[in-house]
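To start, the structure itself, in structure tokens.
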Amino acid sequence: MQHVDGNALAGDLADLFGVDLTAMIASCAHCGARGPVAGLVVFRTAMGSVGRCAHCDAVLVVVVEHEGRARASLGGLRALEAAPVQ
Amino acid sequence: MTRAAWHVATVAEVRDETPTARRLTLEVPTWPGNEAGAHLDLRLTAPDGYQATRSYSIASSGDGTRVVLAVAEVPEGEVSPFLVHDLRAGDQLEVHGPLGAYFVWRPGGAAAGAEASPLRPVQLIGAGSGVVPLVAMAAAHDEGADATPFRLLYSVRTPADVFFADELRAFAEAPAPTRLGLDLVYTRDAPAGAARPPGRLTPDLVAELAWPVEQRPRIFICGPTPFVEAVAGWLVAAGHAPEAIRTERFGGA
Ligand SMILES: Cc1cc2nc3c(=O)[nH]c(=O)nc-3n(C[C@H](O)[C@H](O)[C@H](O)COP(=O)(O)OP(=O)(O)OC[C@H]3O[C@@H](n4cnc5c(N)ncnc54)[C@H](O)[C@@H]3O)c2cc1C
Ligand SMILES: [Zn+2]
């Protein structure tokens, strides 16, 4: 299956957090790599989405929907920082 | 940034975009408007309750309640053949949006969250339906008479496969300060008199047609995942700063 990227997580994460996280900077708890949430390597299935570190492939984010309620596991993230001013 | 929500959309108009794609104009009375480059999640519910959700970029931007999409048919796909062949004016859909704070362009020369820096030009690079959010950016640039230098490099199979061909031509013929630099690269069939024979985009061609590294362009790349990753890799290898490159991957074979 071809992956997409973290832009595709925008809707699921907005459902949960009420804001758009895609421009925020995520750092990987496994390898320390930092980059925008939009840059995660994302696999989507009917069950939900898995976002991996583009650098080391570690799972950073899992979003699933169960009985109409969304649930996100964020255990692979070390931190989320506000979007940088470019 | 407007808060995303689920909305009920009514299909206002459908028309052929290319032989294998459809333009869908939705009327969304509760739509809060959207930035150029944003997308939405579209949800279909079958009579038995089965649901399928897919993301689609928005070709329009601004405050209106009309939302324009363009959907390419992925043969054997679950959702796109329905949208391309079966959807009719008057049908209702659920849409979640506007989505995406990263892959957006804001008039005034600033990317998302940025202050105005009008001297940095903008380079848009798209393939196939990946041009949709780039069309929104080019349209916002044109409508706002924004003076940021803008170029679009668009890789497409044949002349008949160009999305928003009339709009792009009009942007490319606008008066000088806002004119869009438009380069079409045909991969399969080029029209008579085309600048070059049909062929895939190469690192050399991208270097020739995109703003040079010294001008520090902001770059937006969108299309099938392998296309986006190849082109972004070439640009970084050519010396463009990775932070200056924003990407959106549509998936694909
Ligand atoms: C942020 C974002 C924005 C998008 N915007 C647009 C848009 O503006 N217009 C548009 O037409 N599409 C867009 N897409 C792609 C769209 O979301 C769907 O993936 C596409 O319509 C296929 O859905 P399907 O249900 O028909 O195919 P599926 O049933 O999901 O897939 C069927 C088969 O086709 C393959 N496939 C999936 N997607 C593609 C693809 N894009 N190209 C080729 N093969 C594919 C799958 O791997 C699978 O093997 C966007 C995707 C993302 C993540
Ligand atoms: Zn990592």
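If you're wondering about the labels, chains in the structure tokens are A, B, ... by order shown, residues count from 1 in each chain, ligands from 1 in order shown.
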Item to check | region 4-6 of chain A environment, 7 Å, only C-alpha atoms, sequence neighbours closer than 2 positions dropped, as an NGL selection string | outcome: (:A and (2 or 8-9 or 22 or 37-43 or 51)) or (:B and (225 or 248-251))
Give the strand (DSSP E or B) residues of region 112-194 of chain B, as DSSP finds them on the backbone, and put them as an mmCIF file with all heavy atoms, in the first residue's frame.
data_model
loop_
_atom_site.group_PDB
_atom_site.id
_atom_site.type_symbol
_atom_site.label_atom_id
_atom_site.label_comp_id
_atom_site.auth_asym_id
_atom_site.auth_seq_id
_atom_site.Cartn_x
_atom_site.Cartn_y
_atom_site.Cartn_z
ATOM 1 N N VAL B 122 7.551 32.159 -5.181
ATOM 2 C CA VAL B 122 6.883 30.895 -4.869
ATOM 3 C C VAL B 122 6.938 29.983 -6.094
ATOM 4 O O VAL B 122 6.630 30.403 -7.212
ATOM 5 C CB VAL B 122 5.414 31.137 -4.447
ATOM 6 C CG1 VAL B 122 4.631 29.828 -4.414
ATOM 7 C CG2 VAL B 122 5.372 31.826 -3.083
ATOM 8 N N GLN B 123 7.368 28.763 -5.865
ATOM 9 C CA GLN B 123 7.388 27.745 -6.912
ATOM 10 C C GLN B 123 6.388 26.656 -6.567
ATOM 11 O O GLN B 123 6.511 26.007 -5.521
ATOM 12 C CB GLN B 123 8.795 27.130 -7.021
ATOM 13 C CG GLN B 123 8.905 26.050 -8.071
ATOM 14 C CD GLN B 123 8.798 26.612 -9.489
ATOM 15 O OE1 GLN B 123 9.497 27.554 -9.845
ATOM 16 N NE2 GLN B 123 7.899 26.042 -10.290
ATOM 17 N N LEU B 124 5.423 26.461 -7.439
ATOM 18 C CA LEU B 124 4.460 25.374 -7.278
ATOM 19 C C LEU B 124 4.859 24.249 -8.233
ATOM 20 O O LEU B 124 5.191 24.510 -9.389
ATOM 21 C CB LEU B 124 3.045 25.859 -7.634
ATOM 22 C CG LEU B 124 2.583 27.177 -6.993
ATOM 23 C CD1 LEU B 124 1.224 27.592 -7.554
ATOM 24 C CD2 LEU B 124 2.511 27.027 -5.477
ATOM 25 N N ILE B 125 4.836 23.020 -7.736
ATOM 26 C CA ILE B 125 5.156 21.876 -8.600
ATOM 27 C C ILE B 125 4.118 20.790 -8.350
ATOM 28 O O ILE B 125 3.952 20.327 -7.220
ATOM 29 C CB ILE B 125 6.574 21.322 -8.306
ATOM 30 C CG1 ILE B 125 7.628 22.443 -8.419
ATOM 31 C CG2 ILE B 125 6.905 20.166 -9.267
ATOM 32 C CD1 ILE B 125 9.057 21.986 -8.123
ATOM 33 N N GLY B 126 3.409 20.395 -9.407
ATOM 34 C CA GLY B 126 2.350 19.410 -9.228
ATOM 35 C C GLY B 126 2.324 18.399 -10.350
ATOM 36 O O GLY B 126 2.828 18.649 -11.445
ATOM 37 N N ALA B 127 1.714 17.258 -10.055
ATOM 38 C CA ALA B 127 1.494 16.236 -11.073
ATOM 39 C C ALA B 127 0.057 15.743 -10.966
ATOM 40 O O ALA B 127 -0.454 15.522 -9.865
ATOM 41 C CB ALA B 127 2.460 15.063 -10.895
ATOM 42 N N PHE B 150 5.326 34.144 -8.922
ATOM 43 C CA PHE B 150 4.721 32.813 -8.816
ATOM 44 C C PHE B 150 5.003 32.012 -10.078
ATOM 45 O O PHE B 150 4.779 32.501 -11.193
ATOM 46 C CB PHE B 150 3.190 32.970 -8.717
ATOM 47 C CG PHE B 150 2.582 32.547 -7.415
ATOM 48 C CD1 PHE B 150 2.944 33.179 -6.238
ATOM 49 C CD2 PHE B 150 1.618 31.543 -7.362
ATOM 50 C CE1 PHE B 150 2.362 32.810 -5.031
ATOM 51 C CE2 PHE B 150 1.029 31.163 -6.162
ATOM 52 C CZ PHE B 150 1.402 31.803 -4.997
ATOM 53 N N ARG B 151 5.438 30.785 -9.907
ATOM 54 C CA ARG B 151 5.572 29.875 -11.046
ATOM 55 C C ARG B 151 4.927 28.547 -10.714
ATOM 56 O O ARG B 151 4.963 28.108 -9.563
ATOM 57 C CB ARG B 151 7.055 29.615 -11.364
ATOM 58 C CG ARG B 151 7.758 30.794 -11.950
ATOM 59 C CD ARG B 151 9.208 30.458 -12.242
ATOM 60 N NE ARG B 151 9.303 29.704 -13.490
ATOM 61 C CZ ARG B 151 10.393 29.745 -14.267
ATOM 62 N NH1 ARG B 151 11.442 30.457 -13.921
ATOM 63 N NH2 ARG B 151 10.421 29.050 -15.373
ATOM 64 N N LEU B 152 4.380 27.918 -11.735
ATOM 65 C CA LEU B 152 3.821 26.569 -11.596
ATOM 66 C C LEU B 152 4.467 25.662 -12.629
ATOM 67 O O LEU B 152 4.441 25.956 -13.828
ATOM 68 C CB LEU B 152 2.297 26.586 -11.821
ATOM 69 C CG LEU B 152 1.627 25.214 -12.000
ATOM 70 C CD1 LEU B 152 1.775 24.338 -10.748
ATOM 71 C CD2 LEU B 152 0.139 25.372 -12.331
ATOM 72 N N LEU B 153 5.011 24.573 -12.156
ATOM 73 C CA LEU B 153 5.535 23.516 -13.013
ATOM 74 C C LEU B 153 4.585 22.339 -12.856
ATOM 75 O O LEU B 153 4.401 21.816 -11.752
ATOM 76 C CB LEU B 153 6.955 23.157 -12.562
ATOM 77 C CG LEU B 153 7.622 21.926 -13.172
ATOM 78 C CD1 LEU B 153 7.593 21.963 -14.682
ATOM 79 C CD2 LEU B 153 9.075 21.855 -12.675
ATOM 80 N N TYR B 154 3.932 21.965 -13.971
ATOM 81 C CA TYR B 154 2.827 21.001 -13.891
ATOM 82 C C TYR B 154 3.143 19.825 -14.817
ATOM 83 O O TYR B 154 3.240 19.998 -16.032
ATOM 84 C CB TYR B 154 1.543 21.729 -14.310
ATOM 85 C CG TYR B 154 0.243 20.949 -14.220
ATOM 86 C CD1 TYR B 154 0.153 19.698 -13.616
ATOM 87 C CD2 TYR B 154 -0.926 21.499 -14.746
ATOM 88 C CE1 TYR B 154 -1.045 19.018 -13.546
ATOM 89 C CE2 TYR B 154 -2.135 20.828 -14.682
ATOM 90 C CZ TYR B 154 -2.188 19.585 -14.089
ATOM 91 O OH TYR B 154 -3.380 18.916 -14.025
ATOM 92 N N SER B 155 3.303 18.661 -14.233
ATOM 93 C CA SER B 155 3.569 17.441 -14.983
ATOM 94 C C SER B 155 2.246 16.717 -15.228
ATOM 95 O O SER B 155 1.497 16.429 -14.292
ATOM 96 C CB SER B 155 4.519 16.550 -14.172
ATOM 97 O OG SER B 155 4.555 15.247 -14.714
ATOM 98 N N VAL B 156 1.974 16.447 -16.496
ATOM 99 C CA VAL B 156 0.666 15.896 -16.847
ATOM 100 C C VAL B 156 0.845 14.978 -18.055
ATOM 101 O O VAL B 156 1.754 15.176 -18.865
ATOM 102 C CB VAL B 156 -0.301 17.084 -17.107
ATOM 103 C CG1 VAL B 156 0.091 17.867 -18.340
ATOM 104 C CG2 VAL B 156 -1.726 16.647 -17.153
ATOM 105 N N LEU B 180 1.284 34.458 -13.666
ATOM 106 C CA LEU B 180 1.802 33.145 -13.262
ATOM 107 C C LEU B 180 2.739 32.627 -14.353
ATOM 108 O O LEU B 180 2.352 32.566 -15.519
ATOM 109 C CB LEU B 180 0.625 32.172 -13.094
ATOM 110 C CG LEU B 180 0.977 30.697 -12.837
ATOM 111 C CD1 LEU B 180 1.525 30.519 -11.416
ATOM 112 C CD2 LEU B 180 -0.249 29.807 -13.039
ATOM 113 N N GLY B 181 3.944 32.256 -13.960
ATOM 114 C CA GLY B 181 4.820 31.561 -14.900
ATOM 115 C C GLY B 181 4.360 30.117 -14.976
ATOM 116 O O GLY B 181 4.325 29.417 -13.965
ATOM 117 N N LEU B 182 3.924 29.667 -16.139
ATOM 118 C CA LEU B 182 3.322 28.335 -16.267
ATOM 119 C C LEU B 182 4.159 27.458 -17.189
ATOM 120 O O LEU B 182 4.378 27.808 -18.348
ATOM 121 C CB LEU B 182 1.896 28.477 -16.830
ATOM 122 C CG LEU B 182 1.128 27.189 -17.112
ATOM 123 C CD1 LEU B 182 0.911 26.382 -15.827
ATOM 124 C CD2 LEU B 182 -0.224 27.505 -17.762
ATOM 125 N N ASP B 183 4.639 26.350 -16.669
ATOM 126 C CA ASP B 183 5.368 25.379 -17.482
ATOM 127 C C ASP B 183 4.668 24.042 -17.396
ATOM 128 O O ASP B 183 4.544 23.458 -16.316
ATOM 129 C CB ASP B 183 6.805 25.220 -16.965
ATOM 130 C CG ASP B 183 7.626 26.465 -17.221
ATOM 131 O OD1 ASP B 183 7.872 26.765 -18.405
ATOM 132 O OD2 ASP B 183 8.000 27.141 -16.237
ATOM 133 N N LEU B 184 4.197 23.561 -18.541
ATOM 134 C CA LEU B 184 3.553 22.250 -18.595
ATOM 135 C C LEU B 184 4.559 21.251 -19.131
ATOM 136 O O LEU B 184 5.193 21.494 -20.169
ATOM 137 C CB LEU B 184 2.333 22.311 -19.514
ATOM 138 C CG LEU B 184 1.165 23.107 -18.939
ATOM 139 C CD1 LEU B 184 0.220 23.565 -20.038
ATOM 140 C CD2 LEU B 184 0.414 22.266 -17.924
ATOM 141 N N VAL B 185 4.725 20.160 -18.407
ATOM 142 C CA VAL B 185 5.602 19.090 -18.877
ATOM 143 C C VAL B 185 4.715 17.887 -19.164
ATOM 144 O O VAL B 185 4.052 17.363 -18.261
ATOM 145 C CB VAL B 185 6.677 18.746 -17.822
ATOM 146 C CG1 VAL B 185 7.438 17.502 -18.230
ATOM 147 C CG2 VAL B 185 7.632 19.922 -17.646
ATOM 148 N N TYR B 186 4.658 17.497 -20.446
ATOM 149 C CA TYR B 186 3.796 16.384 -20.852
ATOM 150 C C TYR B 186 4.594 15.095 -20.799
ATOM 151 O O TYR B 186 5.663 15.004 -21.393
ATOM 152 C CB TYR B 186 3.258 16.625 -22.267
ATOM 153 C CG TYR B 186 2.448 17.890 -22.375
ATOM 154 C CD1 TYR B 186 3.014 19.056 -22.866
ATOM 155 C CD2 TYR B 186 1.119 17.917 -21.957
ATOM 156 C CE1 TYR B 186 2.274 20.232 -22.945
ATOM 157 C CE2 TYR B 186 0.373 19.083 -22.027
ATOM 158 C CZ TYR B 186 0.955 20.236 -22.524
ATOM 159 O OH TYR B 186 0.225 21.389 -22.601
#
Next on the checklist: Give me, as a PyMOL selection string, the set of residues whose atoms come within 7 Å of any atom of ligand 1, counting only C-alpha atoms and all ligand atoms.
Outcome noted: (chain A and resi 1-2+4-5+7-8) or (chain B and resi 39+54-58+69-74+76-81+129-130+132-133+224+248-253)
Next on the checklist: Just want the residues within 9 Å of ligand 2, written as a ChimeraX atom specification, counting only C-alpha atoms and all ligand atoms.
Outcome noted: /A:27-34,52-60,76-77
Could you take the residues named above and write them with C-alpha atoms, as a PDB file, in the first residue's frame?
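Final output, saved to part09.pdb:
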ATOM      1  CA  SER A  27       9.966  15.088  17.540  1.00  0.00           C
ATOM      2  CA  CYS A  28      10.451  11.352  17.532  1.00  0.00           C
ATOM      3  CA  ALA A  29      10.961   9.695  20.922  1.00  0.00           C
ATOM      4  CA  HIS A  30      12.975   6.942  19.254  1.00  0.00           C
ATOM      5  CA  CYS A  31      15.554   8.808  17.139  1.00  0.00           C
ATOM      6  CA  GLY A  32      14.991  12.451  18.046  1.00  0.00           C
ATOM      7  CA  ALA A  33      14.285  13.595  14.470  1.00  0.00           C
ATOM      8  CA  ARG A  34      12.197  16.773  14.290  1.00  0.00           C
ATOM      9  CA  ARG A  52       5.611   6.912  11.289  1.00  0.00           C
ATOM     10  CA  CYS A  53       8.831   8.866  11.686  1.00  0.00           C
ATOM     11  CA  ALA A  54      10.156   9.716   8.206  1.00  0.00           C
ATOM     12  CA  HIS A  55      13.677   9.228   9.529  1.00  0.00           C
ATOM     13  CA  CYS A  56      13.641   5.960  11.528  1.00  0.00           C
ATOM     14  CA  ASP A  57      10.185   4.486  10.769  1.00  0.00           C
ATOM     15  CA  ALA A  58       9.138   4.345  14.446  1.00  0.00           C
ATOM     16  CA  VAL A  59       5.369   4.602  15.028  1.00  0.00           C
ATOM     17  CA  LEU A  60       4.642   8.094  16.375  1.00  0.00           C
ATOM     18  CA  GLY A  76       6.057   7.625  19.953  1.00  0.00           C
ATOM     19  CA  LEU A  77       6.170  11.399  20.149  1.00  0.00           C
TER      20      LEU A  77
END
Item to check | Two-atom distance - CA of Glu94 (chain B), CA of Val8 (chain B) (Å) | outcome: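 For CA of Glu94 (chain B) relative to CA of Val8 (chain B), the distance reads 4.8 Å.
The two atoms in question, CA of Ala138 (chain B) and CA of Ala174 (chain B), are spaced 11.4 Å apart.
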Item to check | Which of B:Pro177, B:Gly108, B:Pro159, B:Gly223 sits closest to chain A [using only C-alpha atoms] | outcome: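 Going through B:Pro177, B:Gly108, B:Pro159, B:Gly223 one by one, the smallest distance to chain A is for B:Gly223.
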Item to check | Counting only C-alpha atoms, the option among B:Gly100, B:Pro212, B:Pro226, B:Pro197 closest to Ala238 (chain B) | outcome: B:Pro212
Next on the checklist: If I take CA of Phe227 (chain B) and CA of Val63 (chain A), how far is one from the other in Å, to one decimal?
Outcome noted: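 For CA of Phe227 (chain B) relative to CA of Val63 (chain A), the distance reads 26.3 Å.
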Next on the checklist: Give me, as a PyMOL selection string, all polymer residues having an atom no more than 10 Å from Pro29 (chain B), counting only C-alpha atoms and skipping those fewer than 2 positions away in the same chain.
Outcome noted: chain B and resi 7-10+26-27+31-32+64-66
Those residues with N, CA and C atoms, as a compact mmCIF listing (two decimals), in the first residue's frame please?
# COMPACT_ATOMS: atom_id res chain seq x y z
N HIS B 7 -19.72 19.29 7.99
CA HIS B 7 -20.74 20.09 7.33
C HIS B 7 -21.52 19.21 6.36
N VAL B 8 -22.77 19.56 6.13
CA VAL B 8 -23.54 18.91 5.07
C VAL B 8 -23.38 19.75 3.81
N ALA B 9 -22.95 19.09 2.74
CA ALA B 9 -22.72 19.76 1.46
C ALA B 9 -23.74 19.25 0.45
N THR B 10 -24.22 20.15 -0.38
CA THR B 10 -25.08 19.75 -1.50
C THR B 10 -24.30 19.98 -2.79
N LEU B 26 -19.49 22.26 -4.66
CA LEU B 26 -20.38 21.98 -3.54
C LEU B 26 -20.90 23.28 -2.95
N GLU B 27 -22.14 23.27 -2.52
CA GLU B 27 -22.69 24.39 -1.76
C GLU B 27 -22.72 23.93 -0.30
N TRP B 31 -20.12 26.56 5.64
CA TRP B 31 -18.66 26.59 5.42
C TRP B 31 -18.07 27.91 5.91
N PRO B 32 -16.99 27.86 6.72
CA PRO B 32 -16.41 29.10 7.26
C PRO B 32 -15.40 29.75 6.33
N GLY B 64 -16.37 32.34 0.58
CA GLY B 64 -17.67 31.88 0.09
C GLY B 64 -18.10 30.54 0.65
N THR B 65 -19.34 30.15 0.32
CA THR B 65 -19.86 28.85 0.73
C THR B 65 -19.81 27.84 -0.42
N ARG B 66 -19.25 28.26 -1.56
CA ARG B 66 -19.03 27.33 -2.67
C ARG B 66 -17.64 26.72 -2.52
Quick one: everything within 8 Å of Ala83 (chain A), counting only C-alpha atoms, minus sequence neighbours fewer than 5 positions away in the same chain. Send it as a PDB file with N, CA, C and O atoms, in the first residue's frame.
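Dumped everything to around26.pdb:
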ATOM      1  N   ALA A  23       1.018  21.718  10.925  1.00  0.00           N
ATOM      2  CA  ALA A  23       2.186  22.599  10.802  1.00  0.00           C
ATOM      3  C   ALA A  23       3.067  22.546  12.052  1.00  0.00           C
ATOM      4  O   ALA A  23       4.154  23.106  12.070  1.00  0.00           O
ATOM      5  N   MET A  24       2.583  21.880  13.102  1.00  0.00           N
ATOM      6  CA  MET A  24       3.387  21.790  14.328  1.00  0.00           C
ATOM      7  C   MET A  24       4.583  20.866  14.114  1.00  0.00           C
ATOM      8  O   MET A  24       4.576  19.999  13.251  1.00  0.00           O
ATOM      9  N   ILE A  25       5.624  21.087  14.934  1.00  0.00           N
ATOM     10  CA  ILE A  25       6.839  20.298  14.810  1.00  0.00           C
ATOM     11  C   ILE A  25       6.787  19.133  15.797  1.00  0.00           C
ATOM     12  O   ILE A  25       6.635  19.327  17.007  1.00  0.00           O
ATOM     13  N   PRO A  36       7.786  18.748  10.665  1.00  0.00           N
ATOM     14  CA  PRO A  36       6.360  19.020  10.752  1.00  0.00           C
ATOM     15  C   PRO A  36       5.530  17.728  10.791  1.00  0.00           C
ATOM     16  O   PRO A  36       5.913  16.718  10.173  1.00  0.00           O
TER      17      PRO A  36
ATOM     18  N   GLY B 113       1.669  30.895   8.826  1.00  0.00           N
ATOM     19  CA  GLY B 113       2.249  31.375  10.059  1.00  0.00           C
ATOM     20  C   GLY B 113       3.369  32.385   9.890  1.00  0.00           C
ATOM     21  O   GLY B 113       3.993  32.790  10.860  1.00  0.00           O
TER      22      GLY B 113
END
Checklist entry - How would you write, as a VMD selection string, the set of residues in chain A that DSSP gives as helix (DSSP H, G or I)? => result chain A and resid 6 to 17 37 to 39
Using the selection just defined, write its residues with all heavy atoms as a short mmCIF file (atom, residue, chain, number, x, y, z; two decimals), in the first residue's frame.
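Written file, again.cif:
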data_model
loop_
_atom_site.label_atom_id
_atom_site.label_comp_id
_atom_site.auth_asym_id
_atom_site.auth_seq_id
_atom_site.Cartn_x
_atom_site.Cartn_y
_atom_site.Cartn_z
N GLY A 6 1.49 13.28 6.66
CA GLY A 6 0.77 13.81 7.82
C GLY A 6 -0.30 14.82 7.50
O GLY A 6 -1.16 15.09 8.35
N ASN A 7 -0.30 15.38 6.28
CA ASN A 7 -1.42 16.25 5.91
C ASN A 7 -2.74 15.48 6.04
O ASN A 7 -3.77 16.06 6.39
CB ASN A 7 -1.28 16.74 4.46
CG ASN A 7 -0.10 17.68 4.27
OD1 ASN A 7 -0.07 18.77 4.84
ND2 ASN A 7 0.88 17.25 3.49
N ALA A 8 -2.66 14.18 5.74
CA ALA A 8 -3.86 13.35 5.76
C ALA A 8 -4.35 13.07 7.18
O ALA A 8 -5.45 12.54 7.35
CB ALA A 8 -3.60 12.04 5.01
N LEU A 9 -3.55 13.42 8.19
CA LEU A 9 -4.00 13.24 9.58
C LEU A 9 -4.79 14.45 10.08
O LEU A 9 -5.36 14.42 11.18
CB LEU A 9 -2.79 13.05 10.51
CG LEU A 9 -1.95 11.80 10.32
CD1 LEU A 9 -0.74 11.86 11.27
CD2 LEU A 9 -2.78 10.55 10.62
N ALA A 10 -4.80 15.53 9.28
CA ALA A 10 -5.39 16.79 9.75
C ALA A 10 -6.81 16.60 10.29
O ALA A 10 -7.14 17.08 11.36
CB ALA A 10 -5.37 17.83 8.63
N GLY A 11 -7.64 15.88 9.53
CA GLY A 11 -9.04 15.74 9.91
C GLY A 11 -9.21 14.95 11.20
O GLY A 11 -9.92 15.39 12.12
N ASP A 12 -8.55 13.80 11.28
CA ASP A 12 -8.68 12.96 12.48
C ASP A 12 -8.18 13.69 13.71
O ASP A 12 -8.79 13.63 14.79
CB ASP A 12 -7.88 11.66 12.30
CG ASP A 12 -8.51 10.75 11.27
OD1 ASP A 12 -9.68 10.98 10.90
OD2 ASP A 12 -7.82 9.80 10.82
N LEU A 13 -7.06 14.39 13.58
CA LEU A 13 -6.50 15.09 14.74
C LEU A 13 -7.33 16.31 15.11
O LEU A 13 -7.48 16.63 16.29
CB LEU A 13 -5.04 15.47 14.47
CG LEU A 13 -4.09 14.27 14.31
CD1 LEU A 13 -2.68 14.74 13.93
CD2 LEU A 13 -4.01 13.44 15.60
N ALA A 14 -7.92 16.97 14.10
CA ALA A 14 -8.78 18.13 14.40
C ALA A 14 -10.04 17.68 15.13
O ALA A 14 -10.54 18.38 16.01
CB ALA A 14 -9.15 18.87 13.11
N ASP A 15 -10.53 16.49 14.78
CA ASP A 15 -11.70 15.93 15.48
C ASP A 15 -11.40 15.80 16.97
O ASP A 15 -12.23 16.08 17.83
CB ASP A 15 -12.01 14.53 14.94
CG ASP A 15 -13.21 14.54 14.01
OD1 ASP A 15 -13.93 15.56 13.98
OD2 ASP A 15 -13.42 13.52 13.32
N LEU A 16 -10.18 15.36 17.28
CA LEU A 16 -9.80 15.13 18.67
C LEU A 16 -9.37 16.39 19.40
O LEU A 16 -9.74 16.59 20.57
CB LEU A 16 -8.63 14.14 18.71
CG LEU A 16 -9.01 12.67 18.69
CD1 LEU A 16 -7.83 11.84 18.23
CD2 LEU A 16 -9.46 12.24 20.08
N PHE A 17 -8.56 17.20 18.75
CA PHE A 17 -7.92 18.32 19.45
C PHE A 17 -8.57 19.67 19.16
O PHE A 17 -8.28 20.65 19.84
CB PHE A 17 -6.43 18.38 19.10
CG PHE A 17 -5.66 17.18 19.58
CD1 PHE A 17 -5.35 16.14 18.72
CD2 PHE A 17 -5.27 17.08 20.91
CE1 PHE A 17 -4.66 15.03 19.16
CE2 PHE A 17 -4.58 15.98 21.35
CZ PHE A 17 -4.27 14.94 20.48
N VAL A 37 4.43 17.79 11.51
CA VAL A 37 3.51 16.64 11.54
C VAL A 37 3.13 16.26 10.10
O VAL A 37 2.98 15.08 9.77
CB VAL A 37 2.25 16.99 12.38
CG1 VAL A 37 1.18 15.92 12.23
CG2 VAL A 37 2.64 17.17 13.85
N ALA A 38 3.01 17.26 9.22
CA ALA A 38 2.66 16.99 7.82
C ALA A 38 3.66 16.08 7.13
O ALA A 38 3.34 15.47 6.12
CB ALA A 38 2.54 18.31 7.04
N GLY A 39 4.88 16.00 7.66
CA GLY A 39 5.92 15.20 7.02
C GLY A 39 5.97 13.75 7.49
O GLY A 39 6.80 12.98 7.00
#
